[in-house]
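Below is the file my_file-v6.pdb, which contains PDB, C-alpha atoms.
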```pdb
ATOM      1  CA  MET A   1     -35.676 -85.448 -17.590
ATOM      2  CA  ALA A   2     -35.331 -85.485 -21.357
ATOM      3  CA  ARG A   3     -34.381 -82.319 -23.210
ATOM      4  CA  LEU A   4     -37.180 -80.533 -25.060
ATOM      5  CA  CYS A   5     -35.976 -79.255 -28.432
ATOM      6  CA  GLY A   6     -37.026 -78.616 -32.009
ATOM      7  CA  THR A   7     -39.439 -76.363 -33.896
ATOM      8  CA  TYR A   8     -42.844 -77.624 -35.039
ATOM      9  CA  LYS A   9     -45.453 -75.777 -37.093
ATOM     10  CA  HIS A  10     -49.062 -76.644 -36.317
ATOM     11  CA  THR A  11     -52.523 -75.137 -36.258
ATOM     12  CA  ILE A  12     -55.017 -74.510 -33.508
ATOM     13  CA  ASP A  13     -58.717 -75.014 -34.226
ATOM     14  CA  LYS A  14     -61.661 -72.766 -33.340
ATOM     15  CA  LYS A  15     -62.185 -74.730 -30.106
ATOM     16  CA  ASN A  16     -58.577 -73.962 -29.055
ATOM     17  CA  ARG A  17     -57.425 -77.542 -29.586
ATOM     18  CA  MET A  18     -54.057 -78.386 -31.051
ATOM     19  CA  PHE A  19     -51.892 -81.428 -31.582
ATOM     20  CA  LEU A  20     -48.881 -81.444 -29.346
ATOM     21  CA  PRO A  21     -45.901 -82.651 -31.416
ATOM     22  CA  VAL A  22     -45.032 -86.286 -30.715
ATOM     23  CA  LYS A  23     -41.420 -85.512 -29.718
ATOM     24  CA  ILE A  24     -42.571 -82.838 -27.273
ATOM     25  CA  ARG A  25     -45.351 -85.051 -25.911
ATOM     26  CA  ALA A  26     -42.926 -87.949 -25.405
ATOM     27  CA  ASN A  27     -40.559 -85.806 -23.338
ATOM     28  CA  ILE A  28     -42.890 -83.523 -21.392
ATOM     29  CA  GLY A  29     -44.873 -86.237 -19.616
ATOM     30  CA  GLU A  30     -48.515 -87.289 -19.421
ATOM     31  CA  LYS A  31     -49.536 -84.180 -17.454
ATOM     32  CA  PHE A  32     -47.865 -80.802 -17.602
ATOM     33  CA  ILE A  33     -48.405 -77.171 -16.715
ATOM     34  CA  ALA A  34     -49.330 -74.432 -19.204
ATOM     35  CA  ALA A  35     -48.624 -70.874 -18.061
ATOM     36  CA  LYS A  36     -48.225 -67.404 -19.488
ATOM     37  CA  SER A  37     -44.596 -66.729 -20.266
ATOM     38  CA  LEU A  38     -43.369 -63.719 -18.326
ATOM     39  CA  SER A  39     -40.666 -62.978 -20.902
ATOM     40  CA  ALA A  40     -42.596 -63.194 -24.190
ATOM     41  CA  LYS A  41     -46.078 -63.385 -25.765
ATOM     42  CA  CYS A  42     -46.252 -67.170 -25.695
ATOM     43  CA  ILE A  43     -47.464 -70.053 -23.546
ATOM     44  CA  ALA A  44     -44.841 -72.006 -21.622
ATOM     45  CA  LEU A  45     -45.371 -75.738 -21.060
ATOM     46  CA  TYR A  46     -43.536 -77.228 -18.084
ATOM     47  CA  PRO A  47     -43.092 -80.891 -17.169
ATOM     48  CA  GLU A  48     -44.535 -81.532 -13.714
ATOM     49  CA  GLU A  49     -41.111 -82.044 -12.100
ATOM     50  CA  VAL A  50     -39.781 -78.714 -13.451
ATOM     51  CA  TRP A  51     -42.921 -76.894 -12.358
ATOM     52  CA  GLN A  52     -42.740 -78.505  -8.916
ATOM     53  CA  GLU A  53     -39.319 -76.913  -8.288
ATOM     54  CA  PHE A  54     -40.772 -73.500  -9.140
ATOM     55  CA  GLU A  55     -43.874 -74.147  -7.041
ATOM     56  CA  ASP A  56     -41.732 -75.162  -4.051
ATOM     57  CA  ALA A  57     -39.847 -71.860  -4.337
ATOM     58  CA  LEU A  58     -43.161 -69.976  -4.442
ATOM     59  CA  LYS A  59     -44.485 -71.793  -1.386
ATOM     60  CA  ALA A  60     -41.297 -70.949   0.529
ATOM     61  CA  LEU A  61     -41.928 -67.205   0.155
ATOM     62  CA  PRO A  62     -43.339 -65.408   3.204
ATOM     63  CA  LYS A  63     -47.133 -65.109   3.089
ATOM     64  CA  VAL A  64     -47.203 -61.293   2.858
ATOM     65  CA  THR A  65     -44.682 -60.933   0.027
ATOM     66  CA  GLY A  66     -45.431 -64.231  -1.673
ATOM     67  CA  GLU A  67     -49.214 -64.013  -1.911
ATOM     68  CA  PRO A  68     -49.346 -61.496  -4.818
ATOM     69  CA  ILE A  69     -46.781 -63.560  -6.718
ATOM     70  CA  ARG A  70     -48.652 -66.826  -6.115
ATOM     71  CA  ARG A  71     -51.932 -65.159  -7.107
ATOM     72  CA  LYS A  72     -50.454 -63.927 -10.402
ATOM     73  CA  VAL A  73     -48.789 -67.246 -11.261
ATOM     74  CA  PHE A  74     -51.475 -69.723 -10.192
ATOM     75  CA  SER A  75     -54.383 -67.768 -11.686
ATOM     76  CA  ALA A  76     -52.675 -67.817 -15.096
ATOM     77  CA  MET A  77     -51.783 -71.511 -15.301
ATOM     78  CA  GLU A  78     -53.554 -74.751 -16.144
ATOM     79  CA  GLU A  79     -52.713 -78.414 -15.782
ATOM     80  CA  LEU A  80     -53.062 -80.087 -19.182
ATOM     81  CA  THR A  81     -53.263 -83.709 -20.319
ATOM     82  CA  PRO A  82     -53.327 -84.679 -24.003
ATOM     83  CA  ASP A  83     -56.360 -86.666 -25.153
ATOM     84  CA  GLU A  84     -56.062 -90.086 -26.828
ATOM     85  CA  LYS A  85     -55.328 -88.365 -30.176
ATOM     86  CA  GLY A  86     -52.516 -86.245 -28.715
ATOM     87  CA  ARG A  87     -54.500 -83.006 -28.670
ATOM     88  CA  ILE A  88     -54.526 -80.458 -25.886
ATOM     89  CA  LEU A  89     -57.152 -77.836 -25.150
ATOM     90  CA  ILE A  90     -55.616 -74.424 -24.546
ATOM     91  CA  PRO A  91     -57.749 -72.254 -22.223
ATOM     92  CA  ALA A  92     -59.187 -69.166 -23.934
ATOM     93  CA  GLU A  93     -57.348 -66.760 -21.607
ATOM     94  CA  LEU A  94     -53.982 -68.296 -22.509
ATOM     95  CA  CYS A  95     -54.853 -68.230 -26.235
ATOM     96  CA  ALA A  96     -55.739 -64.549 -25.991
ATOM     97  CA  TYR A  97     -52.538 -63.737 -24.091
ATOM     98  CA  ALA A  98     -50.323 -65.474 -26.679
ATOM     99  CA  GLU A  99     -52.455 -64.168 -29.586
ATOM    100  CA  LEU A 100     -53.037 -67.685 -30.909
ATOM    101  CA  GLU A 101     -55.389 -67.819 -33.859
ATOM    102  CA  LYS A 102     -54.681 -70.468 -36.489
ATOM    103  CA  ASP A 103     -51.020 -70.946 -37.371
ATOM    104  CA  ILE A 104     -48.834 -71.701 -34.378
ATOM    105  CA  VAL A 105     -45.284 -72.771 -33.659
ATOM    106  CA  VAL A 106     -44.227 -75.093 -30.841
ATOM    107  CA  ILE A 107     -40.589 -74.962 -29.806
ATOM    108  CA  GLY A 108     -38.546 -76.897 -27.301
ATOM    109  CA  VAL A 109     -36.455 -74.772 -24.915
ATOM    110  CA  ASP A 110     -34.481 -77.391 -22.948
ATOM    111  CA  ASP A 111     -36.529 -77.820 -19.745
ATOM    112  CA  HIS A 112     -39.834 -76.529 -21.177
ATOM    113  CA  ALA A 113     -41.685 -75.990 -24.453
ATOM    114  CA  GLU A 114     -43.386 -72.873 -25.781
ATOM    115  CA  ILE A 115     -46.444 -72.302 -27.975
ATOM    116  CA  TRP A 116     -46.264 -69.183 -30.165
ATOM    117  CA  SER A 117     -48.455 -67.561 -32.765
ATOM    118  CA  ASP A 118     -46.668 -67.794 -36.111
ATOM    119  CA  THR A 119     -46.493 -63.977 -36.244
ATOM    120  CA  ASN A 120     -45.092 -63.505 -32.734
ATOM    121  CA  ARG A 121     -42.514 -66.253 -33.277
ATOM    122  CA  ALA A 122     -41.298 -64.540 -36.466
ATOM    123  CA  LEU A 123     -40.856 -61.294 -34.516
ATOM    124  CA  GLU A 124     -38.973 -63.123 -31.775
ATOM    125  CA  ILE A 125     -36.650 -64.754 -34.322
ATOM    126  CA  GLU A 126     -35.719 -61.262 -35.531
ATOM    127  CA  LYS A 127     -34.656 -60.412 -31.961
ATOM    128  CA  GLU A 128     -32.751 -63.700 -31.695
ATOM    129  CA  ASN A 129     -30.775 -62.749 -34.804
ATOM    130  CA  SER A 130     -29.563 -59.494 -33.287
ATOM    131  CA  PRO A 131     -25.787 -58.956 -33.447
ATOM    132  CA  GLU A 132     -25.659 -58.748 -29.641
ATOM    133  CA  LEU A 133     -27.306 -62.125 -29.103
ATOM    134  CA  LEU A 134     -25.275 -63.763 -31.856
ATOM    135  CA  ALA A 135     -22.104 -62.396 -30.223
ATOM    136  CA  GLN A 136     -23.170 -63.897 -26.871
ATOM    137  CA  ILE A 137     -23.694 -67.266 -28.538
ATOM    138  CA  ALA A 138     -20.319 -67.028 -30.282
ATOM    139  CA  ALA A 139     -18.683 -66.204 -26.939
ATOM    140  CA  LEU A 140     -20.009 -69.542 -25.650
ATOM    141  CA  GLY A 141     -18.081 -71.268 -28.418
ATOM    142  CA  LEU A 142     -20.951 -72.242 -30.697
TER     143      LEU A 142
END
```
Would you mind writing the file's structure down as structure tokens?
Amino acid sequence: MARLCGTYKHTIDKKNRMFLPVKIRANIGEKFIAAKSLSAKCIALYPEEVWQEFEDALKALPKVTGEPIRRKVFSAMEELTPDEKGRILIPAELCAYAELEKDIVVIGVDDHAEIWSDTNRALEIEKENSPELLAQIAALGL
């Protein structure tokens, strides 16, 4: 699977449609999964093969303990396919969760991509510039 990377500024229209950046679209596949991120106020986009690994792990959980987890995950995800113009339609529930209005940012995060509101992404960048996180990155040799 190709690496998903880069930062792309876009807009989302009143019908919740947006253009998926060409470089992201080329590497994520024809169909992919959109889900609420559990770590931030954004939408995570997973290539089918990455999502399948996660789904297999969910299906392996015992019914009693796994059912609430599967319910939470599967009720908050959608399978998306770009139209012939490269646009995707983001479900209203996912737009509300990520607080998407007009200006958005799409970023690649190695094995998945994320869609952020411009405001929430700016707040996240502040966290990413914390001395602690920068020290962790430096410790990796970057």
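Between CA of Leu58 in chain A and CA of Val73 in chain A lies a distance of 9.3 Å.
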Provide the CA of Glu78 in chain A to CA of Ser37 in chain A distance in Å, to one decimal place.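 Answer for the CA of Glu78 in chain A to CA of Ser37 in chain A separation: 12.7 Å.
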Using the chain letters and numbers from this file, what does the PyMOL selection byres ((chain A and resi 29) around 10) select? Give the answer as a list in words.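 This file gives the following for the PyMOL selection byres ((chain A and resi 29) around 10): Met1, Ala2, Ile24, Arg25, Ala26, Asn27, Ile28, Glu30, Lys31, Phe32, Tyr46, Pro47, Glu48, Glu49, Thr81 and Pro82 of chain A.
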Where does the PyMOL selection byres ((chain A and resi 121) around 12) land in this file, that is, which residues does it pick, as a list in words?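 Those residues are Thr7, Tyr8, Lys9, Ala40, Lys41, Cys42, Ile43, Ala98, Glu99, Leu100, Asp103, Ile104, Val105, Val106, Ile107, Glu114, Ile115, Trp116, Ser117, Asp118, Thr119, Asn120, Ala122, Leu123, Glu124, Ile125, Glu126, Lys127 and Glu128 of chain A.
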In Å, how far is it from CA of Tyr97 in chain A to CA of Lys63 in chain A?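 Atom-to-atom, CA of Tyr97 in chain A and CA of Lys63 in chain A are spaced 27.7 Å apart.
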Any chance you could resolve the PyMOL selection byres ((chain A and resi 11) around 7) against this file and give the residues as an MDAnalysis selection string? chainID A and resid 10 12:13 18 102:104
Nearest residue to Ala57 in chain A from the set A:Lys85, A:Lys36, A:Arg70, A:Lys15 (distances using all atoms listed in the file):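 Smallest separation from Ala57 in chain A among the options: A:Arg70.
Distances from A:Ala44, A:Leu4, A:Leu134, A:Ala60 to Asp110 in chain A were compared using only C-alpha atoms, and the smallest one belongs to A:Leu4.
Closest to Cys95 in chain A among A:Arg17, A:Lys59, A:His112, A:Lys72 is A:Arg17, based on only C-alpha atoms.
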Around all the atoms of range 19-25 of chain A listed in the file, with 6 Å of room on each side, what axis-aligned box do you get, giving centre and edge lengths in Å to one decimal, as AutoDock Vina command-line options?
```
--center_x -46.7 --center_y -83.9 --center_z -28.7 --size_x 22.5 --size_y 16.9 --size_z 17.7
```
